[in-house]
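protein-v4.tsv, holding TSV, C-alpha atoms:
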```tsv
chain	number	residue	atom	x	y	z
A	1	MET	CA	219.73	79.78	327.51
A	2	GLU	CA	223.36	80.92	327.52
A	3	GLN	CA	224.39	77.65	325.90
A	4	ILE	CA	221.77	78.09	323.16
A	5	LEU	CA	222.89	81.66	322.46
A	6	GLU	CA	226.49	80.49	322.31
A	7	LEU	CA	225.65	77.73	319.81
A	8	LEU	CA	223.77	80.21	317.60
A	9	SER	CA	226.33	83.00	317.93
A	10	PHE	CA	228.61	84.25	315.16
A	11	GLY	CA	232.28	83.47	315.34
A	12	PRO	CA	234.40	80.38	316.05
A	13	ASP	CA	232.28	79.19	319.00
A	14	GLY	CA	228.87	79.24	317.28
A	15	TRP	CA	227.08	78.18	314.11
A	16	GLY	CA	225.61	81.56	313.21
A	17	ASP	CA	228.00	82.17	310.33
A	18	GLN	CA	227.30	78.77	308.77
A	19	ILE	CA	223.53	79.10	309.12
A	20	LEU	CA	223.64	82.57	307.56
A	21	ALA	CA	225.68	81.15	304.68
A	22	GLY	CA	223.06	78.41	304.31
A	23	VAL	CA	220.25	80.98	304.14
A	24	THR	CA	222.18	82.87	301.46
A	25	MET	CA	222.65	79.67	299.47
A	26	THR	CA	218.98	78.71	299.78
A	27	VAL	CA	217.71	82.11	298.67
A	28	SER	CA	220.30	82.29	295.86
A	29	LEU	CA	219.27	78.88	294.55
A	30	ALA	CA	215.58	79.77	294.61
A	31	LEU	CA	216.15	83.13	292.91
A	32	ALA	CA	218.39	81.55	290.25
A	33	THR	CA	215.79	78.85	289.56
A	34	LEU	CA	212.78	81.18	289.37
A	35	PRO	CA	213.47	83.01	286.06
A	36	ILE	CA	214.47	79.79	284.30
A	37	GLY	CA	211.35	78.03	285.52
A	38	LEU	CA	209.12	80.97	284.52
A	39	VAL	CA	210.58	81.26	281.01
A	40	VAL	CA	210.45	77.52	280.33
A	41	GLY	CA	206.97	77.28	281.84
A	42	PHE	CA	205.75	80.13	279.66
A	43	LEU	CA	207.19	78.48	276.54
A	44	ILE	CA	205.58	75.15	277.47
A	45	ALA	CA	202.25	76.94	277.96
A	46	LEU	CA	202.62	78.56	274.52
A	47	ALA	CA	203.27	75.11	273.05
A	48	LYS	CA	200.19	73.69	274.80
A	49	ASN	CA	198.13	76.60	273.52
A	50	SER	CA	199.46	76.16	269.99
A	51	GLU	CA	197.43	74.85	267.07
A	52	GLU	CA	200.34	72.56	266.11
A	53	PRO	CA	199.59	69.00	267.37
A	54	SER	CA	203.26	68.00	267.66
A	55	LEU	CA	204.03	70.98	269.91
A	56	ARG	CA	201.05	70.22	272.13
A	57	ALA	CA	202.05	66.55	272.37
A	58	ALA	CA	205.67	67.37	273.25
A	59	ALA	CA	204.57	69.88	275.91
A	60	ASN	CA	202.13	67.38	277.42
A	61	VAL	CA	204.86	64.72	277.60
A	62	TYR	CA	207.19	67.21	279.33
A	63	THR	CA	204.67	68.17	282.00
A	64	THR	CA	203.54	64.57	282.51
A	65	ILE	CA	207.11	63.45	283.18
A	66	PHE	CA	208.21	66.19	285.55
A	67	ARG	CA	204.91	66.46	287.39
A	68	GLY	CA	204.82	62.68	287.78
A	69	LEU	CA	208.38	62.10	289.02
A	70	PRO	CA	209.23	62.80	292.67
A	71	GLU	CA	211.38	65.92	292.96
A	72	LEU	CA	214.14	63.98	294.72
A	73	LEU	CA	214.31	61.48	291.87
A	74	THR	CA	214.51	64.30	289.33
A	75	LEU	CA	217.39	65.77	291.31
A	76	PHE	CA	219.24	62.44	291.32
A	77	LEU	CA	218.66	61.97	287.59
A	78	VAL	CA	220.07	65.41	286.78
A	79	TYR	CA	223.01	65.22	289.21
A	80	TYR	CA	224.15	61.63	288.70
A	81	GLY	CA	222.72	61.04	285.22
A	82	GLY	CA	224.17	64.29	283.91
A	83	GLN	CA	227.54	63.40	285.34
A	84	ILE	CA	227.54	59.97	283.70
A	85	LEU	CA	226.36	61.39	280.36
A	86	ILE	CA	229.05	64.08	280.25
A	87	GLN	CA	231.77	61.61	281.24
A	88	GLN	CA	230.68	59.26	278.47
A	89	VAL	CA	230.86	62.10	275.96
A	90	LEU	CA	234.33	63.06	277.23
A	91	LYS	CA	235.41	59.43	277.02
A	92	PHE	CA	234.23	59.27	273.42
A	93	PHE	CA	236.34	62.33	272.55
A	94	GLY	CA	239.47	61.10	274.28
A	95	GLY	CA	238.96	61.01	278.01
A	96	GLY	CA	238.92	63.44	280.89
A	97	THR	CA	236.96	63.77	284.10
A	98	PHE	CA	234.06	66.02	284.94
A	99	GLU	CA	232.01	66.59	288.09
A	100	VAL	CA	228.61	68.23	287.93
A	101	ASN	CA	228.30	71.32	290.12
A	102	ALA	CA	225.73	70.69	292.88
A	103	PHE	CA	224.29	74.22	292.62
A	104	LEU	CA	223.84	73.92	288.85
A	105	ALA	CA	222.31	70.44	289.14
A	106	GLY	CA	219.90	71.62	291.83
A	107	MET	CA	218.93	74.68	289.80
A	108	ILE	CA	218.23	72.60	286.67
A	109	ALA	CA	216.27	69.92	288.54
A	110	LEU	CA	214.13	72.42	290.44
A	111	ALA	CA	213.58	74.47	287.27
A	112	LEU	CA	212.32	71.38	285.42
A	113	VAL	CA	209.77	70.67	288.14
A	114	PHE	CA	208.82	74.32	288.65
A	115	SER	CA	208.33	74.93	284.92
A	116	SER	CA	206.05	71.91	284.52
A	117	TYR	CA	203.67	73.32	287.14
A	118	ALA	CA	204.11	76.94	286.05
A	119	SER	CA	203.07	75.97	282.52
A	120	GLU	CA	199.68	74.91	283.88
A	121	ALA	CA	199.29	78.25	285.66
A	122	PHE	CA	200.11	80.13	282.45
A	123	LEU	CA	197.84	77.87	280.40
A	124	SER	CA	194.89	78.52	282.71
A	125	ALA	CA	195.59	82.24	282.42
A	126	PHE	CA	195.71	82.00	278.61
A	127	ARG	CA	192.30	80.35	278.65
A	128	GLY	CA	190.97	83.18	280.82
A	129	ILE	CA	191.72	85.75	278.11
A	130	SER	CA	189.05	86.02	275.43
A	131	LYS	CA	189.94	85.55	271.76
A	132	GLY	CA	188.28	88.89	271.04
A	133	GLN	CA	191.28	90.68	272.53
A	134	TYR	CA	193.63	88.99	270.06
A	135	GLU	CA	191.29	89.76	267.19
A	136	GLY	CA	190.87	93.39	268.27
A	137	ALA	CA	194.63	93.90	268.44
A	138	TYR	CA	195.15	92.34	265.00
A	139	ALA	CA	192.34	94.49	263.58
A	140	LEU	CA	194.21	97.59	264.79
A	141	GLY	CA	197.31	96.43	262.94
A	142	ILE	CA	199.30	95.43	266.03
A	143	SER	CA	201.83	92.66	265.37
A	144	ARG	CA	201.63	89.32	267.13
A	145	GLY	CA	204.71	90.13	269.23
A	146	LEU	CA	203.36	93.50	270.38
A	147	THR	CA	199.95	91.98	271.02
A	148	MET	CA	201.54	89.44	273.35
A	149	ARG	CA	203.69	92.05	275.11
A	150	LEU	CA	201.22	94.92	275.42
A	151	VAL	CA	197.80	93.26	275.53
A	152	ILE	CA	198.11	89.65	276.62
A	153	TRP	CA	201.12	89.57	278.95
A	154	PRO	CA	199.82	92.09	281.57
A	155	GLN	CA	196.57	90.13	281.88
A	156	LEU	CA	198.44	86.82	281.84
A	157	LEU	CA	200.60	87.96	284.76
A	158	ARG	CA	197.61	89.13	286.78
A	159	LEU	CA	195.65	85.92	286.21
A	160	SER	CA	198.54	83.54	286.86
A	161	LEU	CA	200.16	85.39	289.78
A	162	PRO	CA	198.27	83.64	292.64
A	163	ALA	CA	199.25	80.20	291.33
A	164	LEU	CA	202.82	81.30	290.61
A	165	GLY	CA	203.07	82.72	294.11
A	166	ASN	CA	202.16	79.35	295.58
A	167	LEU	CA	204.74	77.69	293.32
A	168	TRP	CA	207.41	80.11	294.58
A	169	LEU	CA	206.68	79.13	298.18
A	170	ILE	CA	206.90	75.46	297.20
A	171	LEU	CA	210.19	76.14	295.43
A	172	LEU	CA	211.65	77.70	298.57
A	173	LYS	CA	210.85	74.54	300.53
A	174	GLU	CA	212.09	72.19	297.81
A	175	THR	CA	215.54	73.78	297.91
A	176	ALA	CA	216.05	71.70	301.06
A	177	LEU	CA	216.42	68.64	298.80
A	178	VAL	CA	219.78	69.84	297.45
A	179	SER	CA	221.43	69.16	300.81
A	180	ILE	CA	221.37	65.49	299.81
A	181	ILE	CA	223.83	66.12	296.96
A	182	GLY	CA	226.15	68.16	299.19
A	183	LEU	CA	225.07	71.75	298.59
A	184	ALA	CA	225.61	73.81	301.74
A	185	ASP	CA	222.11	75.19	302.29
A	186	ILE	CA	220.07	75.68	305.46
A	187	MET	CA	219.33	71.98	305.88
A	188	ARG	CA	222.93	70.92	305.22
A	189	TYR	CA	224.33	73.21	307.92
A	190	SER	CA	221.51	72.31	310.31
A	191	GLN	CA	222.37	68.62	309.92
A	192	MET	CA	226.08	69.30	310.43
A	193	ALA	CA	225.42	71.42	313.52
A	194	SER	CA	223.02	68.89	315.04
A	195	ARG	CA	225.51	66.03	314.59
A	196	THR	CA	228.42	68.03	315.99
A	197	THR	CA	226.64	69.55	319.00
A	198	LYS	CA	224.16	66.71	319.66
A	199	GLU	CA	221.38	69.33	319.61
A	200	PRO	CA	219.17	68.27	316.68
A	201	PHE	CA	215.97	69.79	318.08
A	202	LEU	CA	217.58	73.21	318.45
A	203	PHE	CA	219.05	73.46	314.97
A	204	PHE	CA	216.12	71.91	313.13
A	205	SER	CA	213.82	74.29	315.01
A	206	VAL	CA	216.00	77.17	313.84
A	207	ALA	CA	215.74	75.82	310.27
A	208	CYS	CA	211.93	75.70	310.62
A	209	ALA	CA	211.87	79.28	311.86
A	210	ILE	CA	214.04	80.45	308.97
A	211	TYR	CA	211.83	78.80	306.35
A	212	LEU	CA	208.74	80.31	307.99
A	213	VAL	CA	210.33	83.79	307.97
A	214	LEU	CA	211.22	83.40	304.29
A	215	ALA	CA	207.64	82.32	303.57
A	216	VAL	CA	206.18	85.30	305.43
A	217	ILE	CA	208.48	87.74	303.61
A	218	SER	CA	207.61	86.12	300.28
A	219	SER	CA	203.89	86.22	300.99
A	220	SER	CA	204.10	89.90	301.88
A	221	GLY	CA	206.02	90.67	298.69
A	222	LEU	CA	203.62	88.66	296.54
A	223	ALA	CA	200.63	90.45	298.09
A	224	ARG	CA	202.18	93.80	297.14
A	225	VAL	CA	202.86	92.65	293.58
A	226	GLU	CA	199.32	91.31	293.23
A	227	ALA	CA	197.90	94.60	294.52
A	228	TRP	CA	200.05	96.46	291.97
A	229	THR	CA	198.80	94.30	289.09
A	230	ARG	CA	195.19	95.01	290.11
A	231	LYS	CA	195.69	98.76	290.52
A	232	GLY	CA	194.19	99.65	287.15
A	233	GLU	CA	191.32	97.23	287.69
A	234	ALA	CA	190.41	98.95	290.97
A	235	LYS	CA	190.34	102.36	289.26
A	236	ARG	CA	187.92	101.10	286.65
```

Structure encoded using structure tokens:
Amino acid sequence: MEQILELLSFGPDGWGDQILAGVTMTVSLALATLPIGLVVGFLIALAKNSEEPSLRAAANVYTTIFRGLPELLTLFLVYYGGQILIQQVLKFFGGGTFEVNAFLAGMIALALVFSSYASEAFLSAFRGISKGQYEGAYALGISRGLTMRLVIWPQLLRLSLPALGNLWLILLKETALVSIIGLADIMRYSQMASRTTKEPFLFFSVACAIYLVLAVISSSGLARVEAWTRKGEAKR
């Protein structure tokens, strides 16, 4: 037990500092990815709900690609493919070297995947709102922008929140993939610690416990948000 506590302690003799840094990196990556994925997913859902055939077709192609590709492959395409593309552009304009930031690549790749699934959650929510609410708002002289913000968006959030909550939990787990491209997250430091100390079971068990704690905290927060969105419904 003393040896385990020493390995997990903070300071030069333990791996506590590194694991804490990995948790910070994991949470930061997930939080940075979330708003991008939500905004892009919402825009894709708007395109799918549009009456313009070309917009619907483009949105369907987007979701088909990023829901069909494995997340790891998407990460490799963004990280290595983006690096090659930028270097070719630099070469065309006279040379230079460029290395894609692992955090940025991970954020973009995860956002692409997250947004493709989030768009389906938003689209289902759109279809759960009756057309009469749009027509009633327009009849009262409310603009399309205000109708979306004041009438549709609150209902859209309430209807899509359970699915988006599940996607957030999936996103937290998928951040583990970025360790493959060198980002120092929970999994990266757990692998380093297990190789150095020859205690893989200990450090991977700690990683499991951390992910479970993050999931429990997230679930509790999501439950509170969902209860808040249904507050007015309960009063009625």

**Study point:** atom CA of A:Ser219 to atom CA of A:Ile19, straight-line distance in Å
**Key:**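 Spanning atom CA of A:Ile19 to atom CA of A:Ser219 is a straight-line distance of 22.4 Å.
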
Revision key, fill the gap. Correct to one decimal, the distance atom CA of A:Ile36-atom CA of A:Glu99 is 22.3 Å

The centre and edge lengths of an axis-aligned box containing all atoms of stretch 32-39 of chain A present in the file, extended by 5 Å on each side, are to be given in Å to one decimal, as JSON.
```
{"center_x": 213.8, "center_y": 80.5, "center_z": 285.6, "size_x": 19.3, "size_y": 15.0, "size_z": 19.2}
```

Check your understanding: Suppose you want the space between atom CA of A:Thr24 and atom CA of A:Leu202; what is it in Å?
Key ->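 The value is 20.1 Å.
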
Review point. With all atoms listed in the file as the atoms that count, which of A:Leu156, A:Ile84, A:Ala21, A:Leu8 lies nearest to A:Met187?
Key: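 Looking at the shortest contact to A:Met187, the residue is A:Ala21.
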
Practice item. Give the answer as one residue: which of A:Ile186, A:Ile86, A:Met192, A:Ala209 has the shortest atom-to-atom distance to A:Val23, using only C-alpha atoms? Key: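 Among A:Ile186, A:Ile86, A:Met192, A:Ala209, it is A:Ile186 that comes nearest to A:Val23.
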
Point to revise | Using only C-alpha atoms: which of A:Val40, A:Ala193, A:Leu29, A:Ile181 has the shortest distance to A:Phe114 | key: A:Val40

Practice item. Give me the residues within 8 Å of A:Thr63 as a list in words, counting all atoms listed in the file and dropping any in the same chain fewer than 3 places off. Key: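 Returned residues: Ala59, Asn60, Phe66, Arg67, Gly68, Ser116, Tyr117 and Ser119 of chain A.
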
Could you take the residues named above and write them with C-alpha atoms, as a short mmCIF file (atom, residue, chain, number, x, y, z; two decimals), in the coordinates of the input?
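Okay, again-v7.cif is ready:
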```
data_model
loop_
_atom_site.label_atom_id
_atom_site.label_comp_id
_atom_site.auth_asym_id
_atom_site.auth_seq_id
_atom_site.Cartn_x
_atom_site.Cartn_y
_atom_site.Cartn_z
CA ALA A 59 204.57 69.88 275.91
CA ASN A 60 202.13 67.38 277.42
CA PHE A 66 208.21 66.19 285.55
CA ARG A 67 204.91 66.46 287.39
CA GLY A 68 204.82 62.68 287.78
CA SER A 116 206.05 71.91 284.52
CA TYR A 117 203.67 73.32 287.14
CA SER A 119 203.07 75.97 282.52
#
```
